[in-house]
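**Student:** Here you go, query_14.pdb (PDB, N, CA and C atoms, pLDDT in the B column):
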```
MODEL        1
ATOM      1  N   MET R   7      93.040 129.734  38.259  1.00 51.00           N
ATOM      2  CA  MET R   7      93.239 128.731  37.239  1.00 51.00           C
ATOM      3  C   MET R   7      94.408 129.156  36.367  1.00 51.00           C
ATOM      4  N   LYS R   8      95.294 128.233  36.074  1.00 65.00           N
ATOM      5  CA  LYS R   8      96.468 128.530  35.265  1.00 65.00           C
ATOM      6  C   LYS R   8      96.188 128.345  33.774  1.00 65.00           C
ATOM      7  N   GLU R   9      96.147 127.110  33.316  1.00 77.00           N
ATOM      8  CA  GLU R   9      96.050 126.820  31.903  1.00 77.00           C
ATOM      9  C   GLU R   9      95.087 125.674  31.636  1.00 77.00           C
ATOM     10  N   VAL R  10      94.574 125.654  30.402  1.00 85.00           N
ATOM     11  CA  VAL R  10      93.716 124.575  29.939  1.00 85.00           C
ATOM     12  C   VAL R  10      94.502 123.783  28.892  1.00 85.00           C
ATOM     13  N   HIS R  11      94.416 122.451  28.959  1.00 93.00           N
ATOM     14  CA  HIS R  11      95.178 121.589  28.052  1.00 93.00           C
ATOM     15  C   HIS R  11      94.286 120.491  27.498  1.00 93.00           C
ATOM     16  N   PHE R  12      94.672 119.992  26.331  1.00 95.00           N
ATOM     17  CA  PHE R  12      94.021 118.839  25.713  1.00 95.00           C
ATOM     18  C   PHE R  12      95.107 117.848  25.316  1.00 95.00           C
ATOM     19  N   ARG R  13      94.822 116.564  25.478  1.00 96.00           N
ATOM     20  CA  ARG R  13      95.723 115.507  25.014  1.00 96.00           C
ATOM     21  C   ARG R  13      94.876 114.517  24.227  1.00 96.00           C
ATOM     22  N   LEU R  14      95.336 114.149  23.059  1.00 97.00           N
ATOM     23  CA  LEU R  14      94.660 113.165  22.219  1.00 97.00           C
ATOM     24  C   LEU R  14      95.443 111.867  22.273  1.00 97.00           C
ATOM     25  N   VAL R  15      94.749 110.792  22.591  1.00 97.00           N
ATOM     26  CA  VAL R  15      95.364 109.472  22.665  1.00 97.00           C
ATOM     27  C   VAL R  15      94.628 108.582  21.671  1.00 97.00           C
ATOM     28  N   THR R  16      95.376 107.866  20.829  1.00 96.00           N
ATOM     29  CA  THR R  16      94.758 106.972  19.855  1.00 96.00           C
ATOM     30  C   THR R  16      95.481 105.639  19.835  1.00 96.00           C
ATOM     31  N   GLY R  17      94.828 104.642  19.284  1.00 95.00           N
ATOM     32  CA  GLY R  17      95.451 103.341  19.120  1.00 95.00           C
ATOM     33  C   GLY R  17      94.486 102.344  18.520  1.00 95.00           C
ATOM     34  N   THR R  18      95.041 101.331  17.867  1.00 95.00           N
ATOM     35  CA  THR R  18      94.203 100.280  17.295  1.00 95.00           C
ATOM     36  C   THR R  18      94.239  99.007  18.135  1.00 95.00           C
ATOM     37  N   ASP R  19      95.207  98.916  19.017  1.00 95.00           N
ATOM     38  CA  ASP R  19      95.290  97.774  19.931  1.00 95.00           C
ATOM     39  C   ASP R  19      94.737  98.211  21.281  1.00 95.00           C
ATOM     40  N   PRO R  20      93.709  97.542  21.790  1.00 94.00           N
ATOM     41  CA  PRO R  20      93.093  97.975  23.055  1.00 94.00           C
ATOM     42  C   PRO R  20      94.074  98.052  24.230  1.00 94.00           C
ATOM     43  N   ASP R  21      94.981  97.097  24.326  1.00 96.00           N
ATOM     44  CA  ASP R  21      95.940  97.108  25.438  1.00 96.00           C
ATOM     45  C   ASP R  21      96.915  98.273  25.328  1.00 96.00           C
ATOM     46  N   LEU R  22      97.401  98.541  24.122  1.00 96.00           N
ATOM     47  CA  LEU R  22      98.303  99.667  23.909  1.00 96.00           C
ATOM     48  C   LEU R  22      97.580 100.987  24.141  1.00 96.00           C
ATOM     49  N   PHE R  23      96.332 101.062  23.712  1.00 96.00           N
ATOM     50  CA  PHE R  23      95.525 102.263  23.939  1.00 96.00           C
ATOM     51  C   PHE R  23      95.367 102.524  25.441  1.00 96.00           C
ATOM     52  N   GLN R  24      95.058 101.477  26.196  1.00 96.00           N
ATOM     53  CA  GLN R  24      94.929 101.605  27.649  1.00 96.00           C
ATOM     54  C   GLN R  24      96.237 102.039  28.283  1.00 96.00           C
ATOM     55  N   GLU R  25      97.343 101.486  27.817  1.00 97.00           N
ATOM     56  CA  GLU R  25      98.653 101.860  28.336  1.00 97.00           C
ATOM     57  C   GLU R  25      98.943 103.341  28.070  1.00 97.00           C
ATOM     58  N   ARG R  26      98.606 103.798  26.883  1.00 97.00           N
ATOM     59  CA  ARG R  26      98.802 105.210  26.546  1.00 97.00           C
ATOM     60  C   ARG R  26      97.943 106.115  27.418  1.00 97.00           C
ATOM     61  N   LEU R  27      96.694 105.722  27.652  1.00 96.00           N
ATOM     62  CA  LEU R  27      95.829 106.500  28.549  1.00 96.00           C
ATOM     63  C   LEU R  27      96.427 106.567  29.952  1.00 96.00           C
ATOM     64  N   ASN R  28      96.885 105.435  30.456  1.00 96.00           N
ATOM     65  CA  ASN R  28      97.487 105.392  31.788  1.00 96.00           C
ATOM     66  C   ASN R  28      98.717 106.296  31.862  1.00 96.00           C
ATOM     67  N   ASN R  29      99.539 106.282  30.818  1.00 97.00           N
ATOM     68  CA  ASN R  29     100.746 107.117  30.802  1.00 97.00           C
ATOM     69  C   ASN R  29     100.403 108.604  30.846  1.00 97.00           C
ATOM     70  N   VAL R  30      99.373 109.004  30.125  1.00 96.00           N
ATOM     71  CA  VAL R  30      98.957 110.416  30.146  1.00 96.00           C
ATOM     72  C   VAL R  30      98.490 110.810  31.536  1.00 96.00           C
ATOM     73  N   VAL R  31      97.639 109.994  32.136  1.00 95.00           N
ATOM     74  CA  VAL R  31      97.106 110.321  33.462  1.00 95.00           C
ATOM     75  C   VAL R  31      98.219 110.326  34.510  1.00 95.00           C
ATOM     76  N   GLU R  32      99.100 109.344  34.468  1.00 96.00           N
ATOM     77  CA  GLU R  32     100.210 109.286  35.426  1.00 96.00           C
ATOM     78  C   GLU R  32     101.183 110.446  35.232  1.00 96.00           C
ATOM     79  N   GLY R  33     101.283 110.959  34.015  1.00 95.00           N
ATOM     80  CA  GLY R  33     102.213 112.038  33.729  1.00 95.00           C
ATOM     81  C   GLY R  33     101.700 113.431  34.067  1.00 95.00           C
ATOM     82  N   LEU R  34     100.444 113.530  34.467  1.00 93.00           N
ATOM     83  CA  LEU R  34      99.903 114.839  34.831  1.00 93.00           C
ATOM     84  C   LEU R  34     100.507 115.325  36.138  1.00 93.00           C
ATOM     85  N   SER R  35     100.677 116.622  36.243  1.00 89.00           N
ATOM     86  CA  SER R  35     101.225 117.184  37.481  1.00 89.00           C
ATOM     87  C   SER R  35     100.200 117.075  38.600  1.00 89.00           C
ATOM     88  N   ASP R  36     100.667 117.274  39.829  1.00 86.00           N
ATOM     89  CA  ASP R  36      99.768 117.236  40.988  1.00 86.00           C
ATOM     90  C   ASP R  36      98.776 118.393  40.975  1.00 86.00           C
ATOM     91  N   ASP R  37      99.063 119.421  40.186  1.00 87.00           N
ATOM     92  CA  ASP R  37      98.187 120.584  40.101  1.00 87.00           C
ATOM     93  C   ASP R  37      97.212 120.488  38.928  1.00 87.00           C
ATOM     94  N   ALA R  38      97.067 119.305  38.343  1.00 91.00           N
ATOM     95  CA  ALA R  38      96.174 119.125  37.192  1.00 91.00           C
ATOM     96  C   ALA R  38      94.896 118.413  37.624  1.00 91.00           C
ATOM     97  N   ILE R  39      93.792 118.850  37.038  1.00 93.00           N
ATOM     98  CA  ILE R  39      92.486 118.239  37.283  1.00 93.00           C
ATOM     99  C   ILE R  39      91.906 117.842  35.934  1.00 93.00           C
ATOM    100  N   ILE R  40      91.521 116.567  35.802  1.00 95.00           N
ATOM    101  CA  ILE R  40      90.869 116.122  34.569  1.00 95.00           C
ATOM    102  C   ILE R  40      89.427 116.602  34.603  1.00 95.00           C
ATOM    103  N   VAL R  41      89.053 117.358  33.583  1.00 95.00           N
ATOM    104  CA  VAL R  41      87.706 117.910  33.500  1.00 95.00           C
ATOM    105  C   VAL R  41      86.776 116.945  32.771  1.00 95.00           C
ATOM    106  N   GLU R  42      87.275 116.370  31.673  1.00 96.00           N
ATOM    107  CA  GLU R  42      86.424 115.502  30.868  1.00 96.00           C
ATOM    108  C   GLU R  42      87.289 114.621  29.981  1.00 96.00           C
ATOM    109  N   VAL R  43      86.789 113.419  29.697  1.00 96.00           N
ATOM    110  CA  VAL R  43      87.418 112.531  28.739  1.00 96.00           C
ATOM    111  C   VAL R  43      86.350 112.156  27.716  1.00 96.00           C
ATOM    112  N   LEU R  44      86.610 112.488  26.442  1.00 97.00           N
ATOM    113  CA  LEU R  44      85.696 112.137  25.359  1.00 97.00           C
ATOM    114  C   LEU R  44      86.281 110.925  24.641  1.00 97.00           C
ATOM    115  N   PHE R  45      85.461 109.914  24.420  1.00 96.00           N
ATOM    116  CA  PHE R  45      85.926 108.669  23.835  1.00 96.00           C
ATOM    117  C   PHE R  45      85.151 108.363  22.562  1.00 96.00           C
ATOM    118  N   SER R  46      85.842 107.818  21.572  1.00 97.00           N
ATOM    119  CA  SER R  46      85.156 107.346  20.366  1.00 97.00           C
ATOM    120  C   SER R  46      85.927 106.182  19.772  1.00 97.00           C
ATOM    121  N   SER R  47      85.246 105.438  18.937  1.00 96.00           N
ATOM    122  CA  SER R  47      85.897 104.359  18.189  1.00 96.00           C
ATOM    123  C   SER R  47      85.386 104.422  16.757  1.00 96.00           C
ATOM    124  N   ALA R  48      86.243 104.020  15.820  1.00 96.00           N
ATOM    125  CA  ALA R  48      85.884 104.056  14.407  1.00 96.00           C
ATOM    126  C   ALA R  48      86.525 102.866  13.704  1.00 96.00           C
ATOM    127  N   HIS R  49      85.800 102.300  12.781  1.00 93.00           N
ATOM    128  CA  HIS R  49      86.341 101.204  11.983  1.00 93.00           C
ATOM    129  C   HIS R  49      87.201 101.776  10.868  1.00 93.00           C
ATOM    130  N   THR R  50      88.417 101.266  10.759  1.00 84.00           N
ATOM    131  CA  THR R  50      89.314 101.627   9.665  1.00 84.00           C
ATOM    132  C   THR R  50      89.750 100.326   9.009  1.00 84.00           C
ATOM    133  N   GLY R  51      89.080  99.970   7.944  1.00 88.00           N
ATOM    134  CA  GLY R  51      89.338  98.668   7.325  1.00 88.00           C
ATOM    135  C   GLY R  51      88.871  97.563   8.241  1.00 88.00           C
ATOM    136  N   ARG R  52      89.790  96.669   8.584  1.00 92.00           N
ATOM    137  CA  ARG R  52      89.444  95.557   9.493  1.00 92.00           C
ATOM    138  C   ARG R  52      89.746  95.883  10.949  1.00 92.00           C
ATOM    139  N   ASN R  53      90.316  97.048  11.192  1.00 93.00           N
ATOM    140  CA  ASN R  53      90.696  97.437  12.554  1.00 93.00           C
ATOM    141  C   ASN R  53      89.700  98.417  13.142  1.00 93.00           C
ATOM    142  N   VAL R  54      89.756  98.517  14.446  1.00 95.00           N
ATOM    143  CA  VAL R  54      89.002  99.537  15.163  1.00 95.00           C
ATOM    144  C   VAL R  54      90.021 100.505  15.745  1.00 95.00           C
ATOM    145  N   GLU R  55      89.826 101.796  15.498  1.00 96.00           N
ATOM    146  CA  GLU R  55      90.712 102.801  16.075  1.00 96.00           C
ATOM    147  C   GLU R  55      90.003 103.442  17.262  1.00 96.00           C
ATOM    148  N   PHE R  56      90.660 103.393  18.406  1.00 97.00           N
ATOM    149  CA  PHE R  56      90.130 103.986  19.631  1.00 97.00           C
ATOM    150  C   PHE R  56      90.764 105.359  19.815  1.00 97.00           C
ATOM    151  N   SER R  57      89.966 106.322  20.243  1.00 97.00           N
ATOM    152  CA  SER R  57      90.472 107.680  20.466  1.00 97.00           C
ATOM    153  C   SER R  57      89.885 108.229  21.751  1.00 97.00           C
ATOM    154  N   ALA R  58      90.711 108.985  22.460  1.00 97.00           N
ATOM    155  CA  ALA R  58      90.252 109.660  23.676  1.00 97.00           C
ATOM    156  C   ALA R  58      90.853 111.063  23.676  1.00 97.00           C
ATOM    157  N   LEU R  59      90.012 112.042  23.909  1.00 97.00           N
ATOM    158  CA  LEU R  59      90.457 113.419  24.062  1.00 97.00           C
ATOM    159  C   LEU R  59      90.337 113.757  25.542  1.00 97.00           C
ATOM    160  N   ILE R  60      91.468 114.037  26.162  1.00 97.00           N
ATOM    161  CA  ILE R  60      91.502 114.326  27.596  1.00 97.00           C
ATOM    162  C   ILE R  60      91.622 115.830  27.770  1.00 97.00           C
ATOM    163  N   TYR R  61      90.661 116.398  28.465  1.00 97.00           N
ATOM    164  CA  TYR R  61      90.614 117.835  28.720  1.00 97.00           C
ATOM    165  C   TYR R  61      90.937 118.028  30.193  1.00 97.00           C
ATOM    166  N   TYR R  62      92.035 118.751  30.458  1.00 96.00           N
ATOM    167  CA  TYR R  62      92.416 118.961  31.854  1.00 96.00           C
ATOM    168  C   TYR R  62      92.897 120.393  32.063  1.00 96.00           C
ATOM    169  N   LYS R  63      92.862 120.805  33.313  1.00 94.00           N
ATOM    170  CA  LYS R  63      93.272 122.155  33.691  1.00 94.00           C
ATOM    171  C   LYS R  63      94.350 122.081  34.759  1.00 94.00           C
ATOM    172  N   GLU R  64      95.260 123.008  34.679  1.00 88.00           N
ATOM    173  CA  GLU R  64      96.214 123.175  35.775  1.00 88.00           C
ATOM    174  C   GLU R  64      95.657 124.255  36.687  1.00 88.00           C
ATOM    175  N   VAL R  65      95.661 123.980  37.974  1.00 86.00           N
ATOM    176  CA  VAL R  65      95.073 124.891  38.942  1.00 86.00           C
ATOM    177  C   VAL R  65      96.116 125.322  39.963  1.00 86.00           C
ATOM    178  N   GLU R  66      95.808 126.362  40.665  1.00 81.00           N
ATOM    179  CA  GLU R  66      96.679 126.836  41.747  1.00 81.00           C
ATOM    180  C   GLU R  66      96.612 125.840  42.915  1.00 81.00           C
ATOM    181  N   PRO R  67      97.702 125.592  43.590  1.00 74.00           N
ATOM    182  CA  PRO R  67      97.659 124.707  44.757  1.00 74.00           C
ATOM    183  C   PRO R  67      96.712 125.250  45.826  1.00 74.00           C
ATOM    184  N   TRP R  68      96.100 124.331  46.566  1.00 72.00           N
ATOM    185  CA  TRP R  68      95.180 124.696  47.642  1.00 72.00           C
ATOM    186  C   TRP R  68      95.956 125.331  48.770  1.00 72.00           C
ATOM    187  N   LYS R  69      95.459 126.449  49.268  1.00 77.00           N
ATOM    188  CA  LYS R  69      96.133 127.137  50.377  1.00 77.00           C
ATOM    189  C   LYS R  69      95.220 127.148  51.584  1.00 77.00           C
ATOM    190  N   ASP R  70      95.777 126.800  52.733  1.00 70.00           N
ATOM    191  CA  ASP R  70      94.996 126.782  53.982  1.00 70.00           C
ATOM    192  C   ASP R  70      94.898 128.158  54.578  1.00 70.00           C
TER     193      ASP R  70
ENDMDL
END
```
Output the file's structure in the form of structure tokens.
**Tutor:**
Amino acid sequence: MKEVHFRLVTGTDPDLFQERLNNVVEGLSDDAIIVEVLFSSAHTGRNVEFSALIYYKEVEPWKD
């Protein structure tokens, strides 16, 4: 195992939040494995803020 990483993604617009999540996942290297995604939402005034904490690890490539 190489390294452990966390990425926090937030947004108040559901579509923009989804786009940000997609960008993080698409931007991961081929040697990365998503371990867990923690999700929460909170009311801030009249808006809802969506948050996701993505926990992933970089691993050694598989060798035959």
**Student:** Please indicate the distance in Å from CA of Gln24 (chain R) to atom N of Phe12 (chain R), rounded to one decimal place.
**Tutor:** 18.4 Å
**Student:** Taking the DSSP assignment computed from this structure's backbone, write out as number ranges by chain all residues of chain R that belong to helix (DSSP H, G or I).
**Tutor:** R: 20-33
**Student:** Here's a test: counting only C-alpha atoms, identify every protein, DNA and RNA residue with an atom at most 8 Å from (94.0, 107.5, 31.4) in the file's coordinate frame, and state them as a list in words.
**Tutor:**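 All residues meeting the 8 Å criterion around (94.0, 107.5, 31.4) are Gln24, Glu25, Arg26, Leu27, Asn28, Asn29, Val30, Val31 and Glu32 of chain R.
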**Student:** Assign secondary structure with DSSP using the backbone only, and return the residues of region 14-67 of chain R in strand (DSSP E or B) as number ranges by chain.
**Tutor:** R: 14-17, 38-50, 53-64
**Student:** Record the distance separating CA of Leu44 (chain R) and CA of Val10 (chain R), expressed in Å with one decimal.
**Tutor:**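 Computed distance, CA of Leu44 (chain R) to CA of Val10 (chain R), equals 15.5 Å.
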**Student:** For this file, the PyMOL selection byres ((chain R and resi 14) around 7) selects which residues, as a PyMOL selection string?
**Tutor:** chain R and resi 12-13+15-16+57-60
**Student:** Any idea what's packed within 5 Å of region 63-67 of chain R, counting all atoms listed in the file, ignoring anything in its chain fewer than 2 positions away? Could you give it as an mmCIF file with N, CA and C atoms, keeping the file's coordinate frame?
**Tutor:**
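selection.cif was written with the following content:
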```cif
data_model
loop_
_atom_site.group_PDB
_atom_site.id
_atom_site.type_symbol
_atom_site.label_atom_id
_atom_site.label_comp_id
_atom_site.auth_asym_id
_atom_site.auth_seq_id
_atom_site.Cartn_x
_atom_site.Cartn_y
_atom_site.Cartn_z
ATOM 1 N N MET R 7 93.040 129.734 38.259
ATOM 2 C CA MET R 7 93.239 128.731 37.239
ATOM 3 C C MET R 7 94.408 129.156 36.367
ATOM 4 N N LYS R 8 95.294 128.233 36.074
ATOM 5 C CA LYS R 8 96.468 128.530 35.265
ATOM 6 C C LYS R 8 96.188 128.345 33.774
ATOM 7 N N GLU R 9 96.147 127.110 33.316
ATOM 8 C CA GLU R 9 96.050 126.820 31.903
ATOM 9 C C GLU R 9 95.087 125.674 31.636
ATOM 10 N N VAL R 10 94.574 125.654 30.402
ATOM 11 C CA VAL R 10 93.716 124.575 29.939
ATOM 12 C C VAL R 10 94.502 123.783 28.892
ATOM 13 N N HIS R 11 94.416 122.451 28.959
ATOM 14 C CA HIS R 11 95.178 121.589 28.052
ATOM 15 C C HIS R 11 94.286 120.491 27.498
ATOM 16 N N ASP R 37 99.063 119.421 40.186
ATOM 17 C CA ASP R 37 98.187 120.584 40.101
ATOM 18 C C ASP R 37 97.212 120.488 38.928
ATOM 19 N N ALA R 38 97.067 119.305 38.343
ATOM 20 C CA ALA R 38 96.174 119.125 37.192
ATOM 21 C C ALA R 38 94.896 118.413 37.624
ATOM 22 N N ILE R 39 93.792 118.850 37.038
ATOM 23 C CA ILE R 39 92.486 118.239 37.283
ATOM 24 C C ILE R 39 91.906 117.842 35.934
ATOM 25 N N TYR R 61 90.661 116.398 28.465
ATOM 26 C CA TYR R 61 90.614 117.835 28.720
ATOM 27 C C TYR R 61 90.937 118.028 30.193
ATOM 28 N N LYS R 69 95.459 126.449 49.268
ATOM 29 C CA LYS R 69 96.133 127.137 50.377
ATOM 30 C C LYS R 69 95.220 127.148 51.584
#
```
**Student:** Residue by residue, what does the PyMOL selection byres ((chain R and resi 17) around 6) grab here? Present the result as a VMD selection string.
**Tutor:** chain R and resid 15 to 16 18 to 20 22 to 23 54 to 57
**Student:** How many Å lie between CA of Tyr62 (chain R) and CA of Gly33 (chain R), rounded to one decimal?
**Tutor:**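 Atom-to-atom, CA of Tyr62 (chain R) and CA of Gly33 (chain R) are spaced 12.1 Å apart.
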